[in-house]
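Peer 1: Here you go, protein00.cif (mmCIF, C-alpha atoms):
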```
data_model
loop_
_atom_site.label_atom_id
_atom_site.label_comp_id
_atom_site.auth_asym_id
_atom_site.auth_seq_id
_atom_site.Cartn_x
_atom_site.Cartn_y
_atom_site.Cartn_z
CA MET A 1 148.63 231.00 -12.72
CA THR A 2 150.67 234.06 -13.75
CA SER A 3 149.65 237.19 -11.85
CA LEU A 4 149.00 240.31 -13.90
CA SER A 5 149.62 242.87 -11.16
CA ALA A 6 151.23 242.90 -7.71
CA ALA A 7 152.62 245.16 -5.00
CA GLY A 8 155.39 244.84 -2.43
CA SER A 9 157.36 246.96 0.04
CA HIS A 10 160.49 246.48 2.14
CA VAL A 11 161.94 248.62 4.92
CA GLY A 12 165.46 248.13 3.53
CA LYS A 13 168.63 247.28 5.41
CA VAL A 14 169.26 250.63 7.08
CA ARG A 15 166.05 252.37 8.10
CA SER A 16 164.16 251.36 11.24
CA ASN A 17 160.69 252.09 9.83
CA ASN A 18 159.00 252.00 6.45
CA GLN A 19 157.92 255.43 5.26
CA ASP A 20 156.71 254.08 1.90
CA SER A 21 153.16 253.02 1.09
CA GLY A 22 151.63 251.35 -1.93
CA TYR A 23 148.22 250.34 -3.24
CA ALA A 24 147.18 247.87 -5.94
CA GLY A 25 143.47 247.46 -6.58
CA GLU A 26 141.11 246.82 -9.48
CA HIS A 27 141.51 250.11 -11.32
CA LEU A 28 143.82 252.18 -9.08
CA PHE A 29 147.57 251.69 -8.52
CA VAL A 30 149.62 254.11 -6.40
CA VAL A 31 153.00 254.50 -4.67
CA ALA A 32 153.77 257.11 -1.98
CA ASP A 33 157.10 257.88 -0.30
CA GLY A 34 156.93 259.80 2.99
CA MET A 35 159.57 262.48 3.34
CA GLY A 36 162.30 260.57 5.15
CA GLY A 37 163.48 261.93 8.46
CA HIS A 38 160.61 264.38 8.63
CA ALA A 39 158.14 263.95 11.45
CA GLY A 40 155.59 261.36 10.44
CA GLY A 41 156.86 260.44 6.97
CA ASP A 42 155.23 257.05 7.44
CA VAL A 43 152.00 258.74 8.59
CA ALA A 44 152.03 261.03 5.55
CA SER A 45 152.36 258.25 2.98
CA ALA A 46 149.79 256.04 4.73
CA LEU A 47 147.25 258.85 5.04
CA ALA A 48 147.71 259.76 1.38
CA ILE A 49 147.19 256.20 0.14
CA GLN A 50 144.18 255.60 2.40
CA SER A 51 142.67 258.92 1.34
CA ILE A 52 143.12 258.18 -2.37
CA ALA A 53 141.89 254.57 -2.28
CA HIS A 54 138.24 255.54 -2.82
CA VAL A 55 139.14 256.49 -6.41
CA ASP A 56 139.46 252.76 -7.19
CA ARG A 57 136.28 252.39 -9.23
CA ASP A 58 135.08 252.31 -12.83
CA TYR A 59 134.83 255.53 -14.85
CA THR A 60 133.00 256.42 -18.03
CA SER A 61 135.99 258.32 -19.43
CA ALA A 62 139.67 258.91 -18.83
CA ALA A 63 138.95 262.63 -18.36
CA ASP A 64 136.61 261.85 -15.46
CA ALA A 65 139.20 259.53 -13.93
CA VAL A 66 142.06 262.00 -14.16
CA GLU A 67 139.97 264.73 -12.55
CA ALA A 68 138.87 262.37 -9.77
CA LEU A 69 142.47 261.38 -9.11
CA ARG A 70 143.71 264.97 -9.08
CA SER A 71 140.93 265.95 -6.68
CA ALA A 72 141.74 262.97 -4.47
CA LEU A 73 145.37 264.10 -4.18
CA LEU A 74 144.30 267.62 -3.24
CA GLU A 75 141.90 266.17 -0.65
CA ALA A 76 144.77 264.05 0.70
CA ASN A 77 146.90 267.19 0.93
CA GLN A 78 144.13 268.88 2.94
CA GLU A 79 143.84 265.87 5.23
CA LEU A 80 147.59 265.95 5.88
CA ALA A 81 147.38 269.64 6.79
CA GLU A 82 144.46 268.98 9.16
CA THR A 83 146.36 266.10 10.76
CA VAL A 84 149.32 268.40 11.42
CA TYR A 85 146.93 270.93 12.95
CA GLU A 86 145.65 268.26 15.34
CA HIS A 87 149.15 266.84 15.94
CA PRO A 88 151.63 269.77 15.83
CA GLU A 89 154.51 267.39 16.51
CA LEU A 90 154.06 266.14 12.93
CA ALA A 91 154.73 269.56 11.38
CA GLY A 92 156.80 269.26 8.22
CA MET A 93 155.61 265.81 7.19
CA GLY A 94 155.00 265.23 3.52
CA THR A 95 154.86 262.56 0.86
CA THR A 96 155.30 261.95 -2.83
CA VAL A 97 152.45 260.31 -4.75
CA SER A 98 152.58 258.66 -8.17
CA GLY A 99 149.68 256.63 -9.46
CA PHE A 100 147.09 256.01 -12.14
CA VAL A 101 143.60 254.69 -12.78
CA ARG A 102 143.18 252.26 -15.66
CA ILE A 103 140.17 252.75 -17.94
CA GLY A 104 140.52 250.05 -20.60
CA ASP A 105 143.30 251.12 -22.95
CA ARG A 106 143.79 254.50 -21.23
CA LEU A 107 145.57 255.47 -18.02
CA ALA A 108 144.62 258.54 -15.98
CA LEU A 109 147.87 259.48 -14.26
CA ALA A 110 148.68 261.86 -11.37
CA HIS A 111 152.15 262.57 -10.01
CA ILE A 112 153.91 264.78 -7.47
CA GLY A 113 157.42 264.31 -6.02
CA ASP A 114 160.19 261.95 -7.10
CA SER A 115 158.57 258.53 -7.01
CA ARG A 116 158.43 257.23 -10.56
CA ILE A 117 156.27 255.46 -13.12
CA TYR A 118 157.91 253.46 -15.91
CA ARG A 119 156.38 251.84 -18.97
CA TRP A 120 157.88 248.59 -20.28
CA ARG A 121 156.85 247.93 -23.87
CA ASN A 122 158.37 245.46 -26.32
CA GLY A 123 161.46 245.11 -24.14
CA VAL A 124 162.06 248.87 -23.87
CA ILE A 125 161.61 250.69 -20.57
CA THR A 126 160.68 254.38 -20.47
CA GLN A 127 160.26 256.78 -17.55
CA VAL A 128 156.94 258.57 -18.03
CA THR A 129 156.97 260.85 -14.98
CA LYS A 130 159.36 263.70 -14.28
CA ASP A 131 160.98 264.12 -10.87
CA HIS A 132 159.97 267.29 -9.03
CA THR A 133 163.47 267.86 -7.68
CA PHE A 134 166.04 270.62 -7.77
CA VAL A 135 168.46 268.55 -9.84
CA GLN A 136 165.77 267.82 -12.42
CA ARG A 137 165.33 271.58 -12.79
CA LEU A 138 169.07 271.81 -13.45
CA VAL A 139 168.82 269.03 -16.05
CA ASP A 140 165.85 270.70 -17.74
CA SER A 141 167.73 274.01 -17.94
CA GLY A 142 170.78 272.29 -19.42
CA ARG A 143 173.02 273.12 -16.46
CA ILE A 144 173.88 269.47 -15.71
CA THR A 145 173.42 266.08 -17.36
CA ALA A 146 171.19 263.27 -16.11
CA GLU A 147 174.35 261.36 -15.14
CA GLU A 148 175.55 264.30 -13.06
CA ALA A 149 172.10 264.59 -11.44
CA ALA A 150 172.36 261.00 -10.18
CA VAL A 151 175.32 261.91 -7.93
CA HIS A 152 174.58 265.59 -7.29
CA PRO A 153 174.82 266.55 -3.58
CA ARG A 154 171.40 268.28 -3.80
CA ARG A 155 169.60 265.45 -5.55
CA SER A 156 167.18 264.92 -2.64
CA VAL A 157 165.80 268.45 -2.57
CA LEU A 158 162.11 268.05 -3.49
CA MET A 159 160.32 271.01 -5.04
CA ARG A 160 156.79 269.56 -4.80
CA VAL A 161 155.12 267.20 -2.30
CA LEU A 162 151.81 266.64 -0.55
CA GLY A 163 151.80 267.80 3.07
CA ASP A 164 151.32 270.81 5.30
CA VAL A 165 153.92 272.76 3.32
CA ASP A 166 151.67 273.90 0.45
CA LEU A 167 147.88 274.24 0.53
CA THR A 168 147.57 274.15 -3.28
CA PRO A 169 150.37 271.97 -4.65
CA GLU A 170 150.78 271.67 -8.41
CA ILE A 171 150.06 268.10 -9.48
CA ASP A 172 151.06 266.68 -12.87
CA VAL A 173 148.12 264.93 -14.54
CA GLU A 174 147.85 263.34 -17.96
CA VAL A 175 146.08 260.62 -19.89
CA LEU A 176 148.26 257.96 -21.51
CA ASP A 177 147.48 255.19 -23.97
CA THR A 178 148.34 251.62 -23.12
CA ARG A 179 148.13 248.34 -24.99
CA PRO A 180 148.12 244.60 -24.26
CA GLY A 181 151.61 243.45 -23.36
CA ASP A 182 152.57 246.70 -21.63
CA ARG A 183 153.82 246.49 -18.06
CA TRP A 184 153.89 249.53 -15.79
CA VAL A 185 156.20 249.93 -12.82
CA LEU A 186 155.39 252.36 -10.00
CA CYS A 187 158.19 252.69 -7.47
CA SER A 188 159.69 254.81 -4.72
CA ASP A 189 163.25 256.09 -5.09
CA GLY A 190 164.41 253.16 -2.99
CA LEU A 191 164.35 251.31 -6.30
CA SER A 192 164.98 254.02 -8.91
CA GLY A 193 167.84 255.53 -6.88
CA TYR A 194 169.84 252.29 -6.72
CA VAL A 195 168.77 250.07 -9.62
CA THR A 196 169.27 251.25 -13.20
CA GLU A 197 166.42 251.46 -15.69
CA GLN A 198 168.18 248.89 -17.85
CA ARG A 199 168.30 246.42 -14.98
CA VAL A 200 164.64 247.04 -14.14
CA GLY A 201 163.77 246.20 -17.73
CA GLU A 202 165.90 243.05 -17.64
CA LEU A 203 164.17 241.80 -14.49
CA LEU A 204 160.74 242.47 -16.01
CA ASP A 205 161.78 240.45 -19.05
CA GLU A 206 163.03 237.61 -16.84
CA ASN A 207 159.91 237.55 -14.64
CA PRO A 208 156.61 237.51 -16.56
CA ASP A 209 154.73 236.89 -13.31
CA ALA A 210 154.01 240.24 -11.60
CA ALA A 211 154.50 238.95 -8.05
CA ALA A 212 157.83 237.37 -9.01
CA ALA A 213 158.90 240.58 -10.75
CA VAL A 214 158.08 242.69 -7.68
CA GLU A 215 160.09 240.31 -5.51
CA ALA A 216 163.00 240.33 -7.96
CA LEU A 217 163.13 244.13 -8.10
CA ILE A 218 163.07 244.45 -4.31
CA GLU A 219 165.78 241.80 -4.03
CA GLU A 220 167.88 243.71 -6.55
CA SER A 221 167.63 246.81 -4.37
CA LEU A 222 168.59 244.72 -1.33
CA ASP A 223 171.61 243.43 -3.24
CA HIS A 224 172.70 247.08 -3.61
CA GLY A 225 172.49 247.50 0.17
CA ALA A 226 168.87 248.79 0.13
CA PRO A 227 169.69 251.85 2.28
CA ASP A 228 166.22 253.29 1.67
CA ASN A 229 162.69 251.88 1.88
CA VAL A 230 161.74 250.32 -1.43
CA THR A 231 158.18 249.94 -2.74
CA VAL A 232 157.19 248.50 -6.10
CA VAL A 233 153.81 248.11 -7.81
CA ILE A 234 153.67 246.30 -11.17
CA VAL A 235 150.64 246.55 -13.44
CA GLY A 236 150.29 244.28 -16.44
CA ILE A 237 147.98 245.05 -19.36
CA ASP A 238 146.03 242.42 -21.29
CA GLU A 239 142.79 242.30 -23.24
CA SER A 240 140.64 242.58 -20.08
CA PRO A 241 139.37 246.06 -19.08
CA THR A 242 141.12 246.00 -15.69
CA SER A 243 144.40 244.81 -14.17
CA SER A 244 142.82 243.66 -10.94
CA VAL A 245 144.93 241.93 -8.29
CA GLY A 246 141.71 240.52 -6.79
CA THR A 247 141.26 241.92 -3.32
CA PRO A 248 142.86 245.39 -3.15
CA VAL A 249 146.26 245.32 -1.47
CA MET A 250 147.97 247.99 0.63
CA VAL A 251 151.68 247.62 1.41
CA GLY A 252 154.18 249.49 3.56
CA SER A 253 152.93 251.93 6.18
CA ALA A 254 149.43 252.00 4.68
CA ALA A 255 149.02 248.33 5.58
CA LYS A 256 149.42 249.07 9.30
CA PRO A 257 147.28 250.98 11.81
CA LEU A 258 148.17 254.67 11.95
CA THR A 259 150.19 255.69 14.99
CA TYR A 260 151.36 259.14 16.01
CA SER A 261 154.67 258.82 17.87
CA ALA A 262 155.68 262.08 19.48
CA SER A 263 159.18 260.84 20.21
CA SER A 264 159.90 259.85 16.64
CA ALA A 265 158.34 263.08 15.43
CA LYS A 266 160.57 265.17 17.63
CA ARG A 267 163.59 263.35 16.38
CA GLY A 268 162.48 264.14 12.83
CA MET A 269 161.85 267.80 13.69
CA ALA A 270 165.31 268.13 15.13
CA ARG A 271 166.70 267.23 11.72
CA LEU A 272 164.53 269.61 9.68
CA PRO A 273 166.91 272.60 9.69
CA SER A 274 169.57 270.63 7.83
CA LEU A 275 169.46 270.15 4.10
CA LEU A 276 169.54 266.37 4.16
CA LEU A 277 170.82 264.29 1.32
CA HIS A 278 170.78 260.77 -0.04
CA PRO A 279 174.02 258.81 0.57
CA LEU A 280 176.65 258.43 -2.11
CA SER A 281 176.89 254.72 -1.39
CA ALA A 282 174.60 252.03 -0.09
CA THR A 283 176.96 251.21 2.75
CA THR A 284 175.88 254.22 4.81
CA ALA A 285 172.52 255.24 6.20
CA PRO A 286 170.37 257.00 3.62
CA ALA A 287 170.06 260.72 3.97
CA ASP A 288 166.56 262.13 4.00
CA GLU A 289 164.64 264.04 1.39
CA HIS A 290 164.03 267.68 2.03
CA PHE A 291 161.22 269.87 0.72
CA GLU A 292 161.75 273.41 -0.46
CA PRO A 293 159.04 275.44 -2.23
CA GLU A 294 159.60 276.44 -5.84
CA SER A 295 160.50 280.01 -4.92
CA GLU A 296 162.77 281.96 -7.24
CA GLU A 297 164.93 283.10 -4.32
CA PHE A 298 165.60 279.55 -3.19
CA LEU A 299 166.29 278.41 -6.73
CA ARG A 300 168.72 281.27 -7.29
CA GLU A 301 170.50 280.37 -4.05
CA LEU A 302 170.85 276.70 -5.02
CA ILE A 303 171.88 277.53 -8.57
CA ALA A 304 174.52 279.93 -7.26
CA GLU A 305 175.76 277.25 -4.88
CA ASP A 306 175.87 274.76 -7.74
CA ALA A 307 177.86 277.24 -9.83
CA ARG A 308 180.36 277.67 -6.98
CA ARG A 309 180.64 273.91 -6.67
CA LYS A 310 181.38 273.62 -10.40
CA VAL A 311 184.05 276.34 -10.15
CA ARG A 312 185.69 274.50 -7.23
CA ARG A 313 185.54 271.25 -9.18
CA ARG A 314 187.08 272.87 -12.28
CA ILE A 315 189.85 274.46 -10.21
CA THR A 316 190.59 271.11 -8.58
CA TRP A 317 190.57 269.40 -11.98
CA SER A 318 192.81 272.08 -13.50
CA VAL A 319 195.31 271.85 -10.64
CA GLY A 320 195.32 268.09 -11.02
CA VAL A 321 195.94 268.35 -14.76
CA LEU A 322 198.78 270.81 -14.21
CA LEU A 323 200.37 268.54 -11.62
CA VAL A 324 200.15 265.53 -13.94
CA ALA A 325 201.47 267.60 -16.84
CA GLY A 326 204.35 268.81 -14.66
CA LEU A 327 205.22 265.24 -13.70
CA VAL A 328 205.10 264.14 -17.34
CA VAL A 329 207.31 267.04 -18.46
CA THR A 330 209.78 266.34 -15.64
CA ALA A 331 209.91 262.66 -16.56
CA LEU A 332 210.43 263.49 -20.25
CA ALA A 333 213.18 265.98 -19.43
CA ALA A 334 214.94 263.47 -17.19
CA GLY A 335 214.63 260.81 -19.87
CA TYR A 336 216.03 263.12 -22.53
CA GLN A 337 218.94 264.08 -20.31
CA TRP A 338 219.77 260.40 -19.87
CA THR A 339 219.75 259.78 -23.63
CA GLN A 340 222.23 262.64 -24.11
CA SER A 341 224.72 260.90 -21.81
CA ARG A 342 224.98 258.01 -24.31
CA TYR A 343 227.32 257.80 -27.38
CA PHE A 344 227.72 255.50 -30.38
CA ILE A 345 229.79 255.28 -33.57
CA GLY A 346 228.01 255.51 -36.92
CA VAL A 347 228.15 257.02 -40.42
CA SER A 348 227.67 260.71 -41.26
CA ASP A 349 228.03 261.87 -44.86
CA GLY A 350 230.19 258.81 -45.66
CA ASN A 351 232.59 259.39 -42.76
CA VAL A 352 232.92 257.72 -39.37
CA ALA A 353 231.29 259.92 -36.72
CA ILE A 354 230.52 259.99 -33.00
CA PHE A 355 226.81 260.42 -32.25
CA GLN A 356 225.46 261.75 -28.95
CA GLY A 357 222.18 260.20 -27.78
CA VAL A 358 220.45 256.90 -28.52
CA GLN A 359 219.58 255.37 -31.86
CA GLN A 360 215.79 255.38 -31.21
CA GLY A 361 213.44 258.26 -31.88
CA ILE A 362 210.00 259.46 -30.83
CA GLY A 363 207.89 259.64 -33.98
CA PRO A 364 209.67 261.99 -36.41
CA PHE A 365 212.00 263.28 -33.69
CA SER A 366 215.49 261.73 -33.43
CA LEU A 367 217.07 261.29 -30.03
CA SER A 368 220.64 261.55 -31.37
CA SER A 369 222.84 264.05 -33.20
CA VAL A 370 226.38 264.16 -34.62
CA TYR A 371 228.82 265.07 -31.88
CA PHE A 372 232.04 264.72 -33.92
CA GLU A 373 232.67 263.77 -37.55
CA SER A 374 236.11 262.31 -38.33
CA ASP A 375 238.09 262.34 -41.57
CA ILE A 376 237.91 258.56 -41.84
CA ALA A 377 235.96 257.51 -44.94
CA VAL A 378 233.85 254.44 -44.25
CA ASP A 379 234.76 252.99 -47.67
CA GLU A 380 238.46 252.95 -46.68
CA LEU A 381 237.84 250.61 -43.73
CA SER A 382 238.21 246.85 -43.87
CA PRO A 383 234.99 244.98 -44.71
CA PHE A 384 234.65 243.84 -41.08
CA SER A 385 235.15 247.33 -39.60
CA ARG A 386 232.94 248.94 -42.24
CA GLU A 387 230.08 246.56 -41.42
CA ARG A 388 230.46 247.26 -37.69
CA VAL A 389 230.40 251.04 -38.18
CA GLU A 390 227.40 250.88 -40.52
CA SER A 391 225.59 248.77 -37.91
CA THR A 392 226.73 251.31 -35.25
CA ILE A 393 229.05 250.60 -32.35
CA ASN A 394 227.85 251.47 -28.85
CA ALA A 395 230.30 253.29 -26.54
CA SER A 396 230.11 253.37 -22.76
CA ASP A 397 230.97 257.09 -22.68
CA LEU A 398 232.67 259.83 -24.70
CA PRO A 399 236.29 258.75 -23.98
CA ASP A 400 235.36 255.22 -25.07
CA ALA A 401 233.91 256.61 -28.32
CA LEU A 402 237.08 258.60 -28.99
CA SER A 403 239.22 255.51 -28.39
CA ILE A 404 237.14 253.59 -30.95
CA ILE A 405 237.81 256.35 -33.48
CA ASP A 406 241.56 256.09 -32.71
CA ARG A 407 241.53 252.31 -33.27
CA LEU A 408 239.78 252.70 -36.59
CA GLN A 409 242.32 255.35 -37.62
CA SER A 410 245.15 253.01 -36.71
CA GLU A 411 243.81 250.46 -39.16
CA LEU A 412 244.48 252.93 -41.97
CA ASP A 413 247.98 254.01 -40.83
#
```
Could you quickly redo this structure as structure tokens?
Peer 2:
Amino acid sequence: MTSLSAAGSHVGKVRSNNQDSGYAGEHLFVVADGMGGHAGGDVASALAIQSIAHVDRDYTSAADAVEALRSALLEANQELAETVYEHPELAGMGTTVSGFVRIGDRLALAHIGDSRIYRWRNGVITQVTKDHTFVQRLVDSGRITAEEAAVHPRRSVLMRVLGDVDLTPEIDVEVLDTRPGDRWVLCSDGLSGYVTEQRVGELLDENPDAAAAVEALIEESLDHGAPDNVTVVIVGIDESPTSSVGTPVMVGSAAKPLTYSASSAKRGMARLPSLLLHPLSATTAPADEHFEPESEEFLRELIAEDARRKVRRRITWSVGVLLVAGLVVTALAAGYQWTQSRYFIGVSDGNVAIFQGVQQGIGPFSLSSVYFESDIAVDELSPFSRERVESTINASDLPDALSIIDRLQSELD
């Protein structure tokens, strides 16, 4: 029997622990990605999912559901802050959360961070959430393109998360329509950061079974080296009022008992001062996400740094262009000098002449010119000599060209 919805999580090929968590129930579907490298990223995502799970119930309206989900995220944020108070070694932990509650043909959605929700409809995949990252701010302001954001050195700077960093985080909430045949993908950036949207859509098309699709998407991430944890929840929509997976399922860190490891926390804290980044390739260990509040001072600093980076890149590009142009000009000059060392015999204004250069040209530009025009009329030559001159006679050098002229003159004497 084809499964409608499913969830899965994998630690990846580089990290030693899974800081992702996911939940698939009867009405509620959520993905959370603990801030990597921060103390207790796995604890943060697990606590958030476990705190939100009680929202998995029926609602009379989408408005009630969206308010319940938003409140649940704020309660999870408070619980994370209280956990840090009781366990100071976990200071700085945080998590993204992206999820929704299904109410028939409506979805009550809540989102914070850079985990994503996609809608696949009629073979077309669309991202419905917006990343709360510094580079997304640059894209929104028109400073960079989405393609540039994908490789930007600050692409892992998060502007909003749940955690002890903000007591009242701003959470995106909205109500969306859905219809039978739609499939929704909730995922951590372990998938979206390494597998293109187009490929995600292709794998959904190839795998109508939700469990098989989850497995295929995780395998695709593994094929790209899977440097980060990857968590995927797929929700299919049919005529039934829910997309139940049967017994609710938790995956990733949320599926395990919570543990508070002081040693791992201290290692995470030691890395907090650095602005940590995702890797440029899947062959190296993934860099960790880093939270910074949406303060104007911090944004100005990052924007100024980005401007300096663009200036450096333009200078480097300009120098490179000048070097290439210099090489091209040098090569053209050397080539032209060589052509001017060649000579041939031809016709100029009806007379035999010595031409300097080669008989070819570059577009409308000739690479030869008359060096010397003799008094020998071409019509006075024998048919054989006339044909040779009209077809041009190559000379090895200038003395050889002059000797050819002398031989032609001797024919007339």
Peer 1: To one decimal place in Å, what is the distance between CA of Asp56 in chain A and CA of Leu28 in chain A?
Peer 2: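 For CA of Asp56 in chain A relative to CA of Leu28 in chain A, the distance reads 4.8 Å.
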Peer 1: Once the PyMOL selection byres ((chain A and resi 204) around 12) has been applied to the shown file, what residues remain in the selection, as a ChimeraX atom specification?
Peer 2: /A:118-125,181-185,197-203,205-217,220,234-236
Peer 1: Restricted to C-alpha atoms, what would the selected residues look like written as a compact mmCIF listing (two decimals), in the coordinates of the input?
Peer 2:
```txt
# COMPACT_ATOMS: atom_id res chain seq x y z
CA TYR A 118 157.91 253.46 -15.91
CA ARG A 119 156.38 251.84 -18.97
CA TRP A 120 157.88 248.59 -20.28
CA ARG A 121 156.85 247.93 -23.87
CA ASN A 122 158.37 245.46 -26.32
CA GLY A 123 161.46 245.11 -24.14
CA VAL A 124 162.06 248.87 -23.87
CA ILE A 125 161.61 250.69 -20.57
CA GLY A 181 151.61 243.45 -23.36
CA ASP A 182 152.57 246.70 -21.63
CA ARG A 183 153.82 246.49 -18.06
CA TRP A 184 153.89 249.53 -15.79
CA VAL A 185 156.20 249.93 -12.82
CA GLU A 197 166.42 251.46 -15.69
CA GLN A 198 168.18 248.89 -17.85
CA ARG A 199 168.30 246.42 -14.98
CA VAL A 200 164.64 247.04 -14.14
CA GLY A 201 163.77 246.20 -17.73
CA GLU A 202 165.90 243.05 -17.64
CA LEU A 203 164.17 241.80 -14.49
CA ASP A 205 161.78 240.45 -19.05
CA GLU A 206 163.03 237.61 -16.84
CA ASN A 207 159.91 237.55 -14.64
CA PRO A 208 156.61 237.51 -16.56
CA ASP A 209 154.73 236.89 -13.31
CA ALA A 210 154.01 240.24 -11.60
CA ALA A 211 154.50 238.95 -8.05
CA ALA A 212 157.83 237.37 -9.01
CA ALA A 213 158.90 240.58 -10.75
CA VAL A 214 158.08 242.69 -7.68
CA GLU A 215 160.09 240.31 -5.51
CA ALA A 216 163.00 240.33 -7.96
CA LEU A 217 163.13 244.13 -8.10
CA GLU A 220 167.88 243.71 -6.55
CA ILE A 234 153.67 246.30 -11.17
CA VAL A 235 150.64 246.55 -13.44
CA GLY A 236 150.29 244.28 -16.44
```
Peer 1: What does the distance from CA of Thr339 in chain A to CA of Val358 in chain A come to in Å, to one decimal?
Peer 2: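 If I compute the distance from CA of Thr339 in chain A to CA of Val358 in chain A, I get 5.7 Å.
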Peer 1: Once the PyMOL selection byres ((chain A and resi 359-368) around 8) has been evaluated on this model, what residues remain selected, and can you format them as a VMD selection string?
Peer 2: chain A and resid 336 339 to 340 355 to 358 369 to 370
Peer 1: Given all atoms listed in the file as the basis, pick out the residue of A:Ala68, A:Leu74, A:Leu327, A:Ile405 nearest to Val101 in chain A.
Peer 2: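 Closest residue, counting all atoms listed in the file: A:Ala68.
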Peer 1: Rank A:His224, A:Lys13, A:Arg116, A:His87 by their smallest atom-to-atom distance to Gly99 in chain A, using all atoms listed in the file, and report the top residue only.
Peer 2: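 Selected residue with least distance to Gly99 in chain A: A:Arg116.
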Peer 1: Ranking A:Ile354, A:Ile218, A:Leu402, A:Ala63 by minimum distance to His10 in chain A and counting all atoms listed in the file, which one comes first?
Peer 2: A:Ile218
